[in-house]
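J.: start-v4.pdb is reproduced below (PDB, C-alpha atoms).
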```pdb
ATOM      1  CA  GLY A 703      36.111 -10.778  19.858
ATOM      2  CA  ASP A 704      34.413 -13.772  21.412
ATOM      3  CA  ILE A 705      30.758 -14.551  20.816
ATOM      4  CA  PHE A 706      28.831 -15.666  23.872
ATOM      5  CA  THR A 707      25.602 -17.479  23.126
ATOM      6  CA  GLY A 708      22.667 -18.398  25.323
ATOM      7  CA  THR A 709      21.157 -21.746  26.056
ATOM      8  CA  VAL A 710      18.794 -21.534  23.051
ATOM      9  CA  ASN A 711      20.400 -20.457  19.773
ATOM     10  CA  VAL A 712      18.518 -20.366  16.503
ATOM     11  CA  TRP A 713      20.122 -19.520  13.187
ATOM     12  CA  GLY A 714      17.909 -18.697  10.243
ATOM     13  CA  ASP A 715      15.599 -16.190   8.628
ATOM     14  CA  PRO A 716      13.179 -14.696  11.192
ATOM     15  CA  ALA A 717      10.746 -13.982   8.311
ATOM     16  CA  PHE A 718       9.144 -10.940   9.882
ATOM     17  CA  ALA A 719       5.902  -9.833   8.226
ATOM     18  CA  ASP A 720       7.023  -6.257   7.420
ATOM     19  CA  PRO A 721       9.970  -5.031   9.510
ATOM     20  CA  ASP A 722      10.312  -1.782   7.502
ATOM     21  CA  ALA A 723       6.821  -0.847   8.665
ATOM     22  CA  GLY A 724       7.482  -2.012  12.229
ATOM     23  CA  ASP A 725       5.519  -5.268  11.901
ATOM     24  CA  TYR A 726       7.544  -7.981  13.641
ATOM     25  CA  HIS A 727       4.965 -10.737  13.526
ATOM     26  CA  VAL A 728       6.651 -13.882  12.279
ATOM     27  CA  LEU A 729       5.423 -15.723   9.222
ATOM     28  CA  ALA A 730       4.825 -19.448   9.066
ATOM     29  CA  SER A 731       8.202 -19.898   7.351
ATOM     30  CA  SER A 732      10.113 -18.214  10.212
ATOM     31  CA  ALA A 733      13.020 -20.013  11.833
ATOM     32  CA  ALA A 734      11.650 -18.716  15.153
ATOM     33  CA  ARG A 735       8.571 -20.943  15.008
ATOM     34  CA  ASP A 736       8.242 -23.153  18.110
ATOM     35  CA  LYS A 737      11.840 -22.401  19.183
ATOM     36  CA  GLY A 738      11.070 -20.507  22.386
ATOM     37  CA  VAL A 739      11.172 -21.677  25.998
ATOM     38  CA  ASP A 740       8.083 -21.902  28.160
ATOM     39  CA  ALA A 741       8.724 -19.240  30.801
ATOM     40  CA  GLY A 742       5.188 -19.111  32.113
ATOM     41  CA  VAL A 743       4.103 -16.282  29.782
ATOM     42  CA  THR A 744       0.651 -17.278  28.574
ATOM     43  CA  THR A 745       0.031 -14.655  25.821
ATOM     44  CA  ASP A 746       1.998 -12.599  23.317
ATOM     45  CA  LEU A 747       1.729  -8.808  22.872
ATOM     46  CA  ASP A 748      -1.423  -9.257  20.776
ATOM     47  CA  GLY A 749      -3.044 -11.340  23.489
ATOM     48  CA  SER A 750      -2.743 -14.517  21.423
ATOM     49  CA  PRO A 751      -2.126 -17.628  23.533
ATOM     50  CA  ARG A 752       1.361 -19.072  23.993
ATOM     51  CA  ASP A 753       1.620 -22.865  24.083
ATOM     52  CA  ALA A 754       4.280 -25.163  25.543
ATOM     53  CA  SER A 755       6.477 -24.515  22.477
ATOM     54  CA  PRO A 756       6.152 -20.767  21.922
ATOM     55  CA  ASP A 757       7.650 -18.875  19.019
ATOM     56  CA  LEU A 758      10.702 -16.731  19.663
ATOM     57  CA  GLY A 759       9.966 -13.015  19.821
ATOM     58  CA  ALA A 760       7.129 -10.834  20.984
ATOM     59  CA  TYR A 761       4.447 -12.419  18.809
ATOM     60  CA  GLU A 762       3.150 -15.848  17.959
ATOM     61  CA  ALA A 763       2.791 -16.638  14.258
ATOM     62  CA  VAL A 764      -0.715 -16.128  12.942
ATOM     63  CA  SER A 765      -2.542 -19.441  12.802
ATOM     64  CA  GLY A 766      -4.567 -20.320   9.747
ATOM     65  CA  ALA A 767      -4.762 -18.159   6.630
ATOM     66  CA  SER A 768      -4.244 -14.408   6.881
ATOM     67  CA  LEU A 769      -3.702 -11.685   4.252
ATOM     68  CA  GLN A 770      -1.706  -8.533   4.915
ATOM     69  CA  VAL A 771      -2.265  -5.644   2.461
ATOM     70  CA  VAL A 772       0.197  -2.732   2.246
ATOM     71  CA  LYS A 773      -0.431   0.190  -0.122
ATOM     72  CA  ALA A 774       1.859   3.091  -1.053
ATOM     73  CA  THR A 775       1.907   5.966  -3.529
ATOM     74  CA  SER A 776       4.585   7.715  -5.574
ATOM     75  CA  ALA A 777       3.371  11.166  -4.520
ATOM     76  CA  GLY A 778       1.436  12.507  -1.586
ATOM     77  CA  LEU A 779       0.662  15.806  -3.306
ATOM     78  CA  VAL A 780      -0.473  16.137  -6.941
ATOM     79  CA  ASN A 781      -1.846  18.720  -9.386
ATOM     80  CA  PRO A 782      -4.731  18.379 -11.864
ATOM     81  CA  GLY A 783      -3.807  16.356 -14.947
ATOM     82  CA  GLU A 784      -0.782  14.648 -13.378
ATOM     83  CA  THR A 785      -0.226  10.902 -13.103
ATOM     84  CA  VAL A 786       0.408   8.941  -9.936
ATOM     85  CA  THR A 787       1.641   5.393  -9.322
ATOM     86  CA  TYR A 788       0.316   3.101  -6.611
ATOM     87  CA  THR A 789       2.033  -0.037  -5.355
ATOM     88  CA  VAL A 790       0.196  -2.782  -3.491
ATOM     89  CA  ALA A 791       1.737  -5.771  -1.685
ATOM     90  CA  ILE A 792      -0.458  -8.672  -0.580
ATOM     91  CA  THR A 793       1.317 -11.157   1.699
ATOM     92  CA  SER A 794       0.011 -14.434   3.093
ATOM     93  CA  THR A 795       1.073 -13.987   6.724
ATOM     94  CA  GLY A 796      -0.726 -16.934   8.317
ATOM     95  CA  SER A 797       0.350 -20.533   8.713
ATOM     96  CA  GLY A 798      -2.088 -21.719   6.053
ATOM     97  CA  SER A 799      -2.665 -20.918   2.385
ATOM     98  CA  ALA A 800      -5.073 -18.310   1.078
ATOM     99  CA  THR A 801      -6.609 -19.607  -2.142
ATOM    100  CA  SER A 802      -8.257 -17.830  -5.078
ATOM    101  CA  VAL A 803      -7.125 -14.396  -3.947
ATOM    102  CA  VAL A 804      -8.713 -11.514  -5.891
ATOM    103  CA  VAL A 805      -7.532  -7.935  -5.422
ATOM    104  CA  THR A 806      -9.842  -4.997  -6.198
ATOM    105  CA  ASP A 807      -8.472  -1.456  -6.244
ATOM    106  CA  THR A 808     -11.015   1.376  -6.329
ATOM    107  CA  LEU A 809      -9.774   4.807  -7.388
ATOM    108  CA  PRO A 810     -11.164   8.091  -6.058
ATOM    109  CA  GLY A 811     -13.653  10.045  -8.156
ATOM    110  CA  LEU A 812     -11.037  12.421  -9.577
ATOM    111  CA  GLN A 813      -8.680   9.671 -10.796
ATOM    112  CA  ARG A 814      -8.910   7.112 -13.591
ATOM    113  CA  PRO A 815      -6.759   3.995 -14.054
ATOM    114  CA  LEU A 816      -4.380   3.949 -17.017
ATOM    115  CA  ASP A 817      -2.502   0.691 -16.518
ATOM    116  CA  ALA A 818      -2.000  -2.129 -14.036
ATOM    117  CA  ALA A 819       0.585  -4.901 -13.728
ATOM    118  CA  THR A 820       1.380  -7.679 -11.265
ATOM    119  CA  ASP A 821       4.177 -10.152 -10.658
ATOM    120  CA  ARG A 822       1.652 -12.872  -9.864
ATOM    121  CA  GLY A 823      -1.463 -13.651 -11.885
ATOM    122  CA  ALA A 824      -3.001 -10.983 -14.115
ATOM    123  CA  CYS A 825      -4.652  -7.571 -13.813
ATOM    124  CA  VAL A 826      -7.426  -5.948 -15.831
ATOM    125  CA  VAL A 827      -8.785  -2.406 -15.804
ATOM    126  CA  ALA A 828     -12.388  -3.270 -15.006
ATOM    127  CA  ASP A 829     -13.567   0.354 -15.244
ATOM    128  CA  SER A 830     -11.388   2.949 -16.995
ATOM    129  CA  GLY A 831     -13.511   5.949 -16.012
ATOM    130  CA  TYR A 832     -12.918   8.362 -13.185
ATOM    131  CA  GLY A 833     -13.499   6.537  -9.924
ATOM    132  CA  GLY A 834     -12.793   3.307 -11.841
ATOM    133  CA  GLN A 835     -11.526  -0.055 -10.676
ATOM    134  CA  VAL A 836      -8.636  -2.428 -11.274
ATOM    135  CA  THR A 837      -9.049  -6.146 -10.589
ATOM    136  CA  CYS A 838      -6.153  -8.576 -10.213
ATOM    137  CA  GLY A 839      -6.282 -12.339  -9.754
ATOM    138  CA  ALA A 840      -3.381 -13.348  -7.505
ATOM    139  CA  GLY A 841      -4.381 -17.013  -7.337
ATOM    140  CA  ASP A 842      -3.249 -19.125  -4.376
ATOM    141  CA  LEU A 843      -0.806 -17.665  -1.863
ATOM    142  CA  ASP A 844       0.960 -20.142   0.385
ATOM    143  CA  ALA A 845       2.299 -19.007   3.757
ATOM    144  CA  GLY A 846       4.970 -16.351   3.217
ATOM    145  CA  GLN A 847       4.186 -15.800  -0.462
ATOM    146  CA  ALA A 848       3.272 -12.355  -1.799
ATOM    147  CA  ALA A 849       1.835 -10.631  -4.851
ATOM    148  CA  HIS A 850       2.960  -7.151  -5.899
ATOM    149  CA  ILE A 851       0.768  -4.865  -8.000
ATOM    150  CA  THR A 852       1.557  -1.536  -9.700
ATOM    151  CA  ILE A 853      -1.234   0.782 -10.833
ATOM    152  CA  THR A 854      -0.826   3.996 -12.825
ATOM    153  CA  ALA A 855      -3.633   6.542 -12.601
ATOM    154  CA  GLN A 856      -4.321  10.010 -13.976
ATOM    155  CA  VAL A 857      -5.760  12.894 -11.992
ATOM    156  CA  HIS A 858      -8.656  14.801 -13.584
ATOM    157  CA  ALA A 859      -7.527  17.959 -15.402
ATOM    158  CA  VAL A 860     -10.339  19.978 -13.816
ATOM    159  CA  PRO A 861      -9.542  20.713 -10.166
ATOM    160  CA  ALA A 862     -11.983  20.054  -7.366
ATOM    161  CA  PRO A 863     -14.228  22.968  -6.342
ATOM    162  CA  VAL A 864     -12.463  23.242  -2.987
ATOM    163  CA  LEU A 865      -8.699  22.820  -2.709
ATOM    164  CA  PRO A 866      -6.750  21.200  -1.240
ATOM    165  CA  HIS A 867      -8.841  18.061  -1.740
ATOM    166  CA  VAL A 868      -8.183  14.631  -0.187
ATOM    167  CA  MET A 869      -8.396  11.694  -2.624
ATOM    168  CA  ARG A 870      -8.579   8.216  -1.051
ATOM    169  CA  ASN A 871      -7.608   5.064  -2.938
ATOM    170  CA  THR A 872      -8.826   1.819  -1.377
ATOM    171  CA  VAL A 873      -7.804  -1.772  -2.086
ATOM    172  CA  GLN A 874      -9.213  -5.075  -0.872
ATOM    173  CA  ALA A 875      -7.797  -8.588  -1.153
ATOM    174  CA  VAL A 876     -10.273 -11.451  -0.742
ATOM    175  CA  GLY A 877      -9.417 -15.144  -0.650
ATOM    176  CA  ASP A 878     -11.420 -18.239   0.240
ATOM    177  CA  GLN A 879     -10.037 -18.319   3.787
ATOM    178  CA  ALA A 880      -9.017 -14.711   4.533
ATOM    179  CA  GLN A 881      -9.230 -11.111   3.429
ATOM    180  CA  GLY A 882      -7.456  -7.817   4.021
ATOM    181  CA  ALA A 883      -7.736  -4.167   3.031
ATOM    182  CA  ALA A 884      -5.767  -0.926   2.971
ATOM    183  CA  TYR A 885      -6.022   2.632   1.724
ATOM    184  CA  VAL A 886      -3.821   5.621   0.971
ATOM    185  CA  ASP A 887      -4.693   9.323   0.765
ATOM    186  CA  ILE A 888      -3.325  11.836  -1.752
ATOM    187  CA  LEU A 889      -3.777  15.588  -1.516
ATOM    188  CA  LEU A 890      -4.909  17.428  -4.660
ATOM    189  CA  GLN A 891      -3.689  20.982  -5.074
ATOM    190  CA  ASP A 892      -3.522  23.358  -8.039
ATOM    191  CA  CYS A 893      -0.048  24.766  -8.326
ATOM    192  CA  HIS A 894       1.736  25.183 -11.664
ATOM    193  CA  ALA A 895       4.919  26.992 -12.544
ATOM    194  CA  ARG A 896       6.105  28.336 -15.892
ATOM    195  CA  VAL A 897       9.537  27.192 -16.981
ATOM    196  CA  GLY A 898      11.276  29.181 -19.711
ATOM    197  CA  GLY A 899       8.101  31.092 -20.490
ATOM    198  CA  ALA A 900       6.041  27.978 -21.312
ATOM    199  CA  GLN A 901       2.423  28.084 -20.147
ATOM    200  CA  ALA A 902       1.328  25.145 -17.998
ATOM    201  CA  LEU A 903      -2.087  23.474 -18.175
ATOM    202  CA  ASP A 904      -4.788  25.402 -16.280
ATOM    203  CA  ASP A 905      -2.470  28.363 -15.518
ATOM    204  CA  VAL A 906      -4.219  31.652 -14.858
ATOM    205  CA  ILE A 907      -2.981  34.412 -17.151
ATOM    206  CA  GLU A 908      -3.135  37.969 -15.879
ATOM    207  CA  TYR A 909      -3.172  40.929 -18.283
ATOM    208  CA  VAL A 910      -2.411  44.543 -17.364
ATOM    209  CA  LEU A 911      -4.019  47.202 -19.597
ATOM    210  CA  LEU A 912      -2.511  50.685 -19.724
ATOM    211  CA  TYR A 913      -4.552  53.583 -21.024
ATOM    212  CA  LEU A 914      -2.587  56.596 -22.236
ATOM    213  CA  LEU A 915      -4.526  59.822 -22.313
ATOM    214  CA  GLY A 916      -3.127  62.646 -24.362
TER
END
```
Take the structure in the file and write it out as structure tokens.

T.:
Amino acid sequence: GDIFTGTVNVWGDPAFADPDAGDYHVLASSAARDKGVDAGVTTDLDGSPRDASPDLGAYEAVSGASLQVVKATSAGLVNPGETVTYTVAITSTGSGSATSVVVTDTLPGLQRPLDAATDRGACVVADSGYGGQVTCGAGDLDAGQAAHITITAQVHAVPAPVLPHVMRNTVQAVGDQAQGAAYVDILLQDCHARVGGAQALDDVIEYVLLYLLG
């Protein structure tokens, strides 16, 4: 059918910050920058001021440097001794660059880091003990650029005294001009199943004794 367009038509990547998570702030690289029409609306939904050349959409692009940190986990429920994988995305969402960005991930007391990798810069396991830390140098992030980090951790084989137990993993990204942080919670339980008669780690074995009197 026919396509009817308005008086202002913009073709290009909107470059939303994180649409999958419902974040429709536009990045500095967005084709929507300064393409709106002044309709007398003085602020966006965040309360940020609109100028004579507003951005298209509900939000103005963040001015200056800004770091958005998003953290996720491979499992929300784990057992003692299991491994879990964390993913961290650090995105420069402002209009300026964030330089010398360092990311520090601190594990909960019942987890220890096994490995860490990044697609930008380098990561080191700064403390390999339980409650340890991973540090990654992401370097300079220009507007719209991102660093992605993967961390593998192991849960302590000895369960917490009280179960279920909430384990919180926190991460912080700090640059010269901006910083951001995030966390994710994992629930520790103690549930094992035997498959094919094999005994799982920390299973409780029950014995029944029969006494025959004769």

J.: With only C-alpha atoms as the counted atoms, please give the residues lying no more than 8 Å from A:Thr806, apart from itself and same-chain residues fewer than 6 positions off, as an NGL selection string.

T.: :A and (835-838 or 873-875)

J.: Which one of A:Glu784, A:Asp736, A:Asp757, A:Asp844 sits closest to A:Val857 if you count all atoms listed in the file?

T.: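 Result for the nearest residue to A:Val857: A:Glu784.
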
J.: Could you list the residues chosen by the PyMOL selection byres ((chain A and resi 772) around 6) in this structure as a PyMOL selection string?

T.: chain A and resi 771+773+790-791

J.: Show which residues sit within 6 Å of A:Arg870, as a ChimeraX atom specification. Count all atoms listed in the file, and ignore same-chain residues fewer than 5 positions away.

T.: /A:810,886-887

J.: Take the residues from that selection and write them out as a compact mmCIF listing (two decimals), in the frame of the given file, keeping C-alpha atoms.

T.:
```txt
# COMPACT_ATOMS: atom_id res chain seq x y z
CA PRO A 810 -11.16 8.09 -6.06
CA VAL A 886 -3.82 5.62 0.97
CA ASP A 887 -4.69 9.32 0.76
```

J.: If the PyMOL selection byres ((chain A and resi 742) around 10) were run on this exact file, what residues would it hold? Put them as a PDB file with C-alpha atoms, in the frame of the given file.

T.:
```pdb
ATOM      1  CA  VAL A 739      11.172 -21.677  25.998  1.00  0.00           C
ATOM      2  CA  ASP A 740       8.083 -21.902  28.160  1.00  0.00           C
ATOM      3  CA  ALA A 741       8.724 -19.240  30.801  1.00  0.00           C
ATOM      4  CA  VAL A 743       4.103 -16.282  29.782  1.00  0.00           C
ATOM      5  CA  THR A 744       0.651 -17.278  28.574  1.00  0.00           C
ATOM      6  CA  THR A 745       0.031 -14.655  25.821  1.00  0.00           C
ATOM      7  CA  ARG A 752       1.361 -19.072  23.993  1.00  0.00           C
ATOM      8  CA  ASP A 753       1.620 -22.865  24.083  1.00  0.00           C
ATOM      9  CA  ALA A 754       4.280 -25.163  25.543  1.00  0.00           C
TER      10      ALA A 754
END
```

J.: Enter the distance from atom CA of A:Gln770 to atom CA of A:Ala880, in Å, rounded to one decimal.

T.: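 Between atom CA of A:Gln770 and atom CA of A:Ala880 the gap is 9.6 Å.
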
J.: Of the residues A:Ile792, A:Ala734, A:Ala719, A:Leu747, which is the one nearest to A:Ala883, using only C-alpha atoms?

T.: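 Selected residue with least distance to A:Ala883: A:Ile792.
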
J.: Skipping near chain neighbours, those fewer than 2 positions away, what residues fall within 8 Å of A:Val786 using only C-alpha atoms, listed as a list in words?

T.: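 Close residues of A:Val786: Thr775, Ser776, Ala777, Val780, Glu784, Tyr788, Thr854, Ala855, Gln856 and Val857 of chain A.
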
J.: Atom CA of A:Gly796 and atom CA of A:Lys737, how far apart in Å?

T.: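 So the answer is 17.5 Å.
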
J.: Using all atoms listed in the file, which residue out of A:Asn781, A:Ser794, A:Gln879, A:Ser750 lies closest to A:Asp720?

T.: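 Among A:Asn781, A:Ser794, A:Gln879, A:Ser750, it is A:Ser794 that comes nearest to A:Asp720.
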
J.: Run through the PyMOL selection byres ((chain A and resi 820) around 10) on the given coordinates and return the selected residues as a ChimeraX atom specification.

T.: /A:789-791,818-819,821-825,838-840,849-853

J.: Interatomic distance between atom CA of A:Ser732 and atom CA of A:Asp878?

T.: 23.7 Å

J.: Which of these residues is nearest to A:Val804, using only C-alpha atoms: A:Pro716, A:Pro782, A:Pro756, A:Gly841?

T.: A:Gly841

J.: When you count only C-alpha atoms, which of these residues is closest to A:Leu729: A:Val805, A:Leu889, A:Val712, A:Leu758?

T.: A:Leu758

J.: Find the spatial neighbours of A:Ala862, counting all atoms listed in the file, within a cut-off of 10 Å - ignore same-chain residues fewer than 4 positions away - and output them as a list in words.

T.: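 Here the answer would be Pro782, Leu812, His858, Pro866, His867, Val868, Leu890, Gln891 and Asp892 of chain A.
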
J.: Could you name the residues that touch A:Gly833 at 9 Å or less, counting all atoms listed in the file, but leaving out those on the same chain fewer than 2 positions away, as a list in words?

T.: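 Those residues are Thr808, Leu809, Pro810, Gly811, Leu812, Gln813, Arg814, Pro815, Asp829, Ser830, Gly831 and Gln835 of chain A.
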
J.: Given the choices A:Asn871, A:His727, A:Leu779, A:Ala859, which gets closest to A:Gly759 if the distance is worked out from only C-alpha atoms?

T.: A:His727

J.: Rebuild stretch 822-841 of chain A to N, CA, C and O atoms - output it as a PDB file, keeping the file's coordinate frame, please.

T.:
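The resulting file, result-v1.pdb, is shown below:
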```pdb
ATOM      1  N   ARG A 822       2.296 -11.587 -10.149  1.00  0.00           N
ATOM      2  CA  ARG A 822       1.652 -12.872  -9.864  1.00  0.00           C
ATOM      3  C   ARG A 822       0.219 -12.819 -10.374  1.00  0.00           C
ATOM      4  O   ARG A 822      -0.577 -12.004  -9.931  1.00  0.00           O
ATOM      5  N   GLY A 823      -0.125 -13.668 -11.322  1.00  0.00           N
ATOM      6  CA  GLY A 823      -1.463 -13.651 -11.885  1.00  0.00           C
ATOM      7  C   GLY A 823      -1.594 -12.615 -12.980  1.00  0.00           C
ATOM      8  O   GLY A 823      -0.651 -12.360 -13.738  1.00  0.00           O
ATOM      9  N   ALA A 824      -2.741 -11.965 -13.065  1.00  0.00           N
ATOM     10  CA  ALA A 824      -3.001 -10.983 -14.115  1.00  0.00           C
ATOM     11  C   ALA A 824      -3.929  -9.905 -13.589  1.00  0.00           C
ATOM     12  O   ALA A 824      -4.724 -10.130 -12.676  1.00  0.00           O
ATOM     13  N   CYS A 825      -3.816  -8.701 -14.178  1.00  0.00           N
ATOM     14  CA  CYS A 825      -4.652  -7.571 -13.813  1.00  0.00           C
ATOM     15  C   CYS A 825      -5.433  -7.077 -15.017  1.00  0.00           C
ATOM     16  O   CYS A 825      -4.948  -7.145 -16.151  1.00  0.00           O
ATOM     17  N   VAL A 826      -6.624  -6.570 -14.785  1.00  0.00           N
ATOM     18  CA  VAL A 826      -7.426  -5.948 -15.831  1.00  0.00           C
ATOM     19  C   VAL A 826      -7.990  -4.645 -15.277  1.00  0.00           C
ATOM     20  O   VAL A 826      -8.281  -4.536 -14.082  1.00  0.00           O
ATOM     21  N   VAL A 827      -8.108  -3.652 -16.161  1.00  0.00           N
ATOM     22  CA  VAL A 827      -8.785  -2.406 -15.804  1.00  0.00           C
ATOM     23  C   VAL A 827     -10.274  -2.651 -16.004  1.00  0.00           C
ATOM     24  O   VAL A 827     -10.781  -2.617 -17.124  1.00  0.00           O
ATOM     25  N   ALA A 828     -10.969  -2.916 -14.915  1.00  0.00           N
ATOM     26  CA  ALA A 828     -12.388  -3.270 -15.006  1.00  0.00           C
ATOM     27  C   ALA A 828     -13.249  -2.074 -15.358  1.00  0.00           C
ATOM     28  O   ALA A 828     -14.289  -2.214 -16.003  1.00  0.00           O
ATOM     29  N   ASP A 829     -12.840  -0.876 -14.942  1.00  0.00           N
ATOM     30  CA  ASP A 829     -13.567   0.354 -15.244  1.00  0.00           C
ATOM     31  C   ASP A 829     -12.533   1.453 -15.444  1.00  0.00           C
ATOM     32  O   ASP A 829     -11.825   1.829 -14.505  1.00  0.00           O
ATOM     33  N   SER A 830     -12.428   1.972 -16.670  1.00  0.00           N
ATOM     34  CA  SER A 830     -11.388   2.949 -16.995  1.00  0.00           C
ATOM     35  C   SER A 830     -11.829   4.390 -16.768  1.00  0.00           C
ATOM     36  O   SER A 830     -11.072   5.318 -17.045  1.00  0.00           O
ATOM     37  N   GLY A 831     -13.035   4.601 -16.263  1.00  0.00           N
ATOM     38  CA  GLY A 831     -13.511   5.949 -16.012  1.00  0.00           C
ATOM     39  C   GLY A 831     -12.992   6.506 -14.709  1.00  0.00           C
ATOM     40  O   GLY A 831     -12.300   5.831 -13.938  1.00  0.00           O
ATOM     41  N   TYR A 832     -13.315   7.758 -14.454  1.00  0.00           N
ATOM     42  CA  TYR A 832     -12.918   8.362 -13.185  1.00  0.00           C
ATOM     43  C   TYR A 832     -13.686   7.687 -12.044  1.00  0.00           C
ATOM     44  O   TYR A 832     -14.889   7.459 -12.141  1.00  0.00           O
ATOM     45  N   GLY A 833     -12.942   7.351 -10.996  1.00  0.00           N
ATOM     46  CA  GLY A 833     -13.499   6.537  -9.924  1.00  0.00           C
ATOM     47  C   GLY A 833     -13.566   5.067 -10.307  1.00  0.00           C
ATOM     48  O   GLY A 833     -14.305   4.303  -9.697  1.00  0.00           O
ATOM     49  N   GLY A 834     -12.767   4.664 -11.313  1.00  0.00           N
ATOM     50  CA  GLY A 834     -12.793   3.307 -11.841  1.00  0.00           C
ATOM     51  C   GLY A 834     -12.114   2.287 -10.953  1.00  0.00           C
ATOM     52  O   GLY A 834     -11.630   2.604  -9.847  1.00  0.00           O
ATOM     53  N   GLN A 835     -12.070   1.053 -11.459  1.00  0.00           N
ATOM     54  CA  GLN A 835     -11.526  -0.055 -10.676  1.00  0.00           C
ATOM     55  C   GLN A 835     -10.529  -0.872 -11.480  1.00  0.00           C
ATOM     56  O   GLN A 835     -10.622  -0.964 -12.707  1.00  0.00           O
ATOM     57  N   VAL A 836      -9.586  -1.455 -10.736  1.00  0.00           N
ATOM     58  CA  VAL A 836      -8.636  -2.428 -11.274  1.00  0.00           C
ATOM     59  C   VAL A 836      -8.828  -3.727 -10.502  1.00  0.00           C
ATOM     60  O   VAL A 836      -8.922  -3.716  -9.266  1.00  0.00           O
ATOM     61  N   THR A 837      -8.896  -4.842 -11.224  1.00  0.00           N
ATOM     62  CA  THR A 837      -9.049  -6.146 -10.589  1.00  0.00           C
ATOM     63  C   THR A 837      -7.879  -7.042 -10.974  1.00  0.00           C
ATOM     64  O   THR A 837      -7.522  -7.132 -12.150  1.00  0.00           O
ATOM     65  N   CYS A 838      -7.291  -7.691  -9.976  1.00  0.00           N
ATOM     66  CA  CYS A 838      -6.153  -8.576 -10.213  1.00  0.00           C
ATOM     67  C   CYS A 838      -6.423  -9.930  -9.556  1.00  0.00           C
ATOM     68  O   CYS A 838      -6.853  -9.989  -8.395  1.00  0.00           O
ATOM     69  N   GLY A 839      -6.173 -10.997 -10.299  1.00  0.00           N
ATOM     70  CA  GLY A 839      -6.282 -12.339  -9.754  1.00  0.00           C
ATOM     71  C   GLY A 839      -4.918 -12.837  -9.323  1.00  0.00           C
ATOM     72  O   GLY A 839      -4.053 -13.107 -10.164  1.00  0.00           O
ATOM     73  N   ALA A 840      -4.689 -12.921  -8.021  1.00  0.00           N
ATOM     74  CA  ALA A 840      -3.381 -13.348  -7.505  1.00  0.00           C
ATOM     75  C   ALA A 840      -3.286 -14.857  -7.343  1.00  0.00           C
ATOM     76  O   ALA A 840      -2.197 -15.390  -7.082  1.00  0.00           O
ATOM     77  N   GLY A 841      -4.413 -15.559  -7.469  1.00  0.00           N
ATOM     78  CA  GLY A 841      -4.381 -17.013  -7.337  1.00  0.00           C
ATOM     79  C   GLY A 841      -4.210 -17.457  -5.906  1.00  0.00           C
ATOM     80  O   GLY A 841      -4.692 -16.824  -4.969  1.00  0.00           O
TER      81      GLY A 841
END
```
